[in-house]
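Participant: Before I ask anything, let me first share the structure, which is written out below as structure tokens.
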Amino acid sequence: MRQTFFRLTRSLRITRVLVRYRLDEVLYFLPILRPYRTFLRLNPMTWIAPRPAGSFPERLRQALEALGPTFIKLGQMLSTRRDLLPDDITLELAKLQDAVPPFPAAEARRIIEKSLGRPLKEIFSEFEEEAAAAASIAQVHFARLKDGRAAAVKVRRPHLERVIEQDLAILGFFADLAERYSQEGRRLRVRAVVAEYAKTIRGELDLLREAANASQLRRNFLAEPELLYVPEVYWDYCSPQVMVMERIYGIPIGQRDALAKAGIDFDQLSRRAAEIFFRQVFRDAYFHADMHPGNIFIDPNNGRFIAVDFGIMGSLDDASQHYLAENMVAFFRRDYRRVAEAHVEAGWVPPDTNVQDFEAAIRAIAEPVFERPLNEISVANLLLRLFQTTRAFHMQTQPQLLLLQKTLVNVEGIARDFNPKLNIWEVATPLLSDWLNRQRGPRGWWMELKRYFPQWGLALPELPVLLHGILRQTQQGELPLVIRNQDLEGIRQELQRGLRRLVLGVGGTFLLVGIGVMAAVDHELGTLIAGLPFWLWLIGLPLVLWGGMTWLQRFLSEN
């Protein structure tokens with residue numbers, strides 16, 4: 001009940017912000033919400049509230065900032081989805097600032113002491129009261145450990161989880177409506193997108209998980225310290241609310257004048273940005289998914305990148321890696337048939353898609369691009385136009401690629417900012433070729449053999465017994481045949497619901513009829529039928545029938 005009250009309160013707050021920025025007008029042309037248009041127009045606030053200045057995209061950005069961290073980060077994610085939203089909206093959402101006033105240092109001290117279970121003075125010899133940085137999820141204080149190591153202390157904002165969970169529940173509700181009543185919502189897999197986003201933001205709330213992310217990324221680049229440096233995590237002082245790690249000293253990547261003064265080679269910087277991205281994606285399948293300028297610093301001594309803020313990390317499975325590699329290589333070879341086939345093979349467009357038509361559509365978007373010099377081709381924009389084209393062929397949204405698309409846009413923007421003539425394909429080709437060589441041919445087979453051999457070794461002794469059991473069942477005609485199909489599964493669930501209604505209906509009817517009969521013939525209840533009194537038959541028979549149907553329903557549910 002309390003959760004329902006808080007959710008209702010939060011919903012009213014969201015509605016008030018939408019009305020204040022006059023974003024309620026967007027509801028008037030959404031088919032799914034058309035039944036509510038009359039109700040919304042009867043709201044007195046829409047009559048008396050002054051109309052705010054600015055275009056619709058500007059008001060949308062301001063509203064998201066007013067609604068807090070859940071919606072700010074949702075807007076940042078949507079800013080990369082130009083395959084879904086108009087350019088004017090995505091460009092405005094890209095301006096979303098995740099910067100808010102810091103909460104009091106006394107509150108930060110209290111959270112640290114409660115979370116780590118000891119007084120602050122036992123952990124730090126120095127602790128700066130003024131926050132060095134503050135965002136919607138957490139803020140950072142600089143400090144010094146008792147052993148003299150300089151540290152950055154990240155403290156999560158208080159009372160944040162409840163608001164975020166309420167917001168996620170509300171987003172989930174609307175995503176469910178979108179998929180239930182909109183074909184476009186089902187194609188875009190809105191529920192899966194919201195679920196992926198919910199997993200991402202919940203991961204940001206857990207600073208212990210962020211510490212693990214940083215540790216993993218640091219380990220991945222230990223052999224290449226000239227490319228990327230990740231600060232060390234001080235695990236003895238980490239918890240879900242607090243993370244303490246090595247303090248870094250670098251120049252923010254947005255300060256071009258300071259970088260130039262330090263003698264940083266801009267061309268080398270742009271190449272390193274692209275190389276770091278492709279190494280993360282195709283070598284490690286694990287990448288920093290929040291590489292905007294506020295999270296990247298440059299070491300003035302050697303020009304290497306320094307990354308911070310590891311709350312959002314992305315990972316790719318083998319199928320997604322293959323999809324990206326195949327498409328990028330095929331694109332730059334102008335093998336559009338292979339691009340179309342890769343989409344069908346991955347199951348991301350319907351299997352009955354006309355490959356020739358799909359190929360022709362891809363050629364129409366790619367050929368004008370390749371008429372330009374390679375150093376002017378944007379890989380991010382090329383993939384974006386591909387996603388826009390596949391929309392017409394009913395390609396389902398792949399949530400695991402959303403973070404990758406966002407990161408690619410950020411990285412390419414950084415690289416081209418320092419060297420507009422950078423040929424990103426020239427940087428990516430060796431890494432892609434090496435990855436594809438490792439996945440195919442004898443080298444790939446050998447790596448797979450080494451990877452799975454321990455599991456095969458454990459399963460090998462069981463194979464004769466399993467094989468003997470299968471042959472025996474086959475010989476005796478006992479081999480079970482299990483067929484699972486989404487359509488059949490839907491029919492089975494509908495049958496279960498119908499059976500449940502039948503159980504309740506029949507059982508309830510029998511009981512009511514039995515009680516009525518008992519009331520009508522109460523003077524004959526002692527009559528014996530098959531040695532049992534009449535009243536026992538009236539009560540027992542409906543109960544036995546009800547119990548039998550309930551057992552049948554449970555049996556069908558389990559099978």
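Identifiers in this document derive from the order of the structure tokens: chains are assigned A, B, ..., residues are numbered from 1 separately in each chain, and ligands are numbered from 1 in order of occurrence.
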Find the nearest atom pair between each residue of range 93-115 of chain A and range 237-260 of chain A for residues within 9 Å, count only C-alpha atoms, give distances in Å to one decimal, sort rows by chain and ascending number, and present the table as a Markdown table.
Facilitator:
| residue | atom | partner | partner_atom | distance |
| --- | --- | --- | --- | --- |
| A:Ile111 | CA | A:Gln241 | CA | 7.4 |
| A:Ile112 | CA | A:Val242 | CA | 6.4 |
| A:Ser115 | CA | A:Gln241 | CA | 6.5 |
Participant: Tell me which of A:Leu145, A:Val329, A:Val194, A:Leu382 sits closest to Ile170 in chain A, counting only C-alpha atoms.
Facilitator: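 Closest residue, counting only C-alpha atoms: A:Val194.
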Participant: Here is a test: counting only C-alpha atoms, which residue of A:Leu403, A:Leu23, A:Leu227, A:Ile164 is nearest to Asn302 in chain A?
Facilitator: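 For Asn302 in chain A, the nearest of the candidates is A:Leu227.
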Participant: May I ask for the distance between CA of Val411 in chain A and CA of Arg272 in chain A, given in Å to one decimal place?
Facilitator: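 Spanning CA of Val411 in chain A to CA of Arg272 in chain A is a straight-line distance of 10.1 Å.
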Participant: Quick one: pull the distance between CA of Phe305 in chain A and CA of Trp235 in chain A, Å, one decimal.
Facilitator: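 Taking CA of Phe305 in chain A and CA of Trp235 in chain A, their separation equals 23.1 Å.
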Participant: Kindly indicate which residue among A:Ser11, A:Thr389, A:Asn381, A:Gln356 lies nearest to Asn410 in chain A, using only C-alpha atoms for the distances.
Facilitator: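 Comparing A:Ser11, A:Thr389, A:Asn381, A:Gln356 against Asn410 in chain A, the winner is A:Asn381.
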Participant: Which residue, A:Phe310, A:Tyr234, A:Trp425, A:Tyr336, has the smallest gap to Val153 in chain A when you use only C-alpha atoms?
Facilitator: A:Tyr234
Participant: Which residue out of A:Leu401, A:Ile312, A:Val17, A:Val369 has the minimum interatomic distance to Leu205 in chain A when only C-alpha atoms are used?
Facilitator: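 Ranking A:Leu401, A:Ile312, A:Val17, A:Val369 by distance to Leu205 in chain A, first place goes to A:Ile312.
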Participant: Using only C-alpha atoms, pick whichever of A:Ile365, A:Leu404, A:Leu8, A:Ala346 has the shortest atom-to-atom distance to His322 in chain A.
Facilitator: A:Ala346
Participant: Got a sec: who's within 9 Å of Asp267 in chain A, counting only C-alpha atoms, leaving out chain neighbours fewer than 4 positions off, as a list of chain:residue names?
Facilitator: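 Skipping anything fewer than 4 positions along the chain leaves A:Arg271, A:Arg272, A:Ala415, A:Phe418, A:Asn419, A:Leu422.
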Participant: Considering only helix (DSSP H, G or I) as DSSP defines it on the backbone, what residues of range 50-139 of chain A qualify? List them as a ChimeraX atom specification.
Facilitator: /A:56-67,69-78,87-93,105-116,120-122
Participant: Could you work out how far CA of Pro231 in chain A lies from CA of Pro104 in chain A, giving the answer in Å with one decimal?
Facilitator: 26.1 Å
Participant: Pick out the residues sitting within 10 Å of Ile123 in chain A, and hand them over as number ranges by chain; count only C-alpha atoms, and ignore anything fewer than 4 positions along from it in its own chain.
Facilitator: A: 112-113, 116, 118-119, 127, 143-147, 236-237
Participant: Write a file of the selected residues as an mmCIF file, in the first residue's frame, keeping C-alpha atoms.
Facilitator:
data_model
loop_
_atom_site.group_PDB
_atom_site.id
_atom_site.type_symbol
_atom_site.label_atom_id
_atom_site.label_comp_id
_atom_site.auth_asym_id
_atom_site.auth_seq_id
_atom_site.Cartn_x
_atom_site.Cartn_y
_atom_site.Cartn_z
ATOM 1 C CA ILE A 112 30.678 6.863 4.651
ATOM 2 C CA GLU A 113 30.856 6.052 8.349
ATOM 3 C CA LEU A 116 32.105 1.294 6.140
ATOM 4 C CA ARG A 118 34.024 3.016 11.298
ATOM 5 C CA PRO A 119 34.709 6.688 11.991
ATOM 6 C CA PHE A 127 39.100 14.655 3.815
ATOM 7 C CA ALA A 143 40.917 12.580 0.503
ATOM 8 C CA ARG A 144 44.124 10.946 1.700
ATOM 9 C CA LEU A 145 44.286 7.501 3.255
ATOM 10 C CA LYS A 146 46.145 6.829 6.478
ATOM 11 C CA ASP A 147 49.030 5.254 4.510
ATOM 12 C CA ASP A 236 39.100 -2.266 1.669
ATOM 13 C CA TYR A 237 37.047 0.934 1.548
#
Participant: Excluding Leu60 in chain A and residues on its chain fewer than 4 positions from it, collect all residues at most 10 Å away from it, counting only C-alpha atoms, and give them as an MDAnalysis selection string.
Facilitator: chainID A and resid 18 21:23 54:56 64:66 75 89 92:93
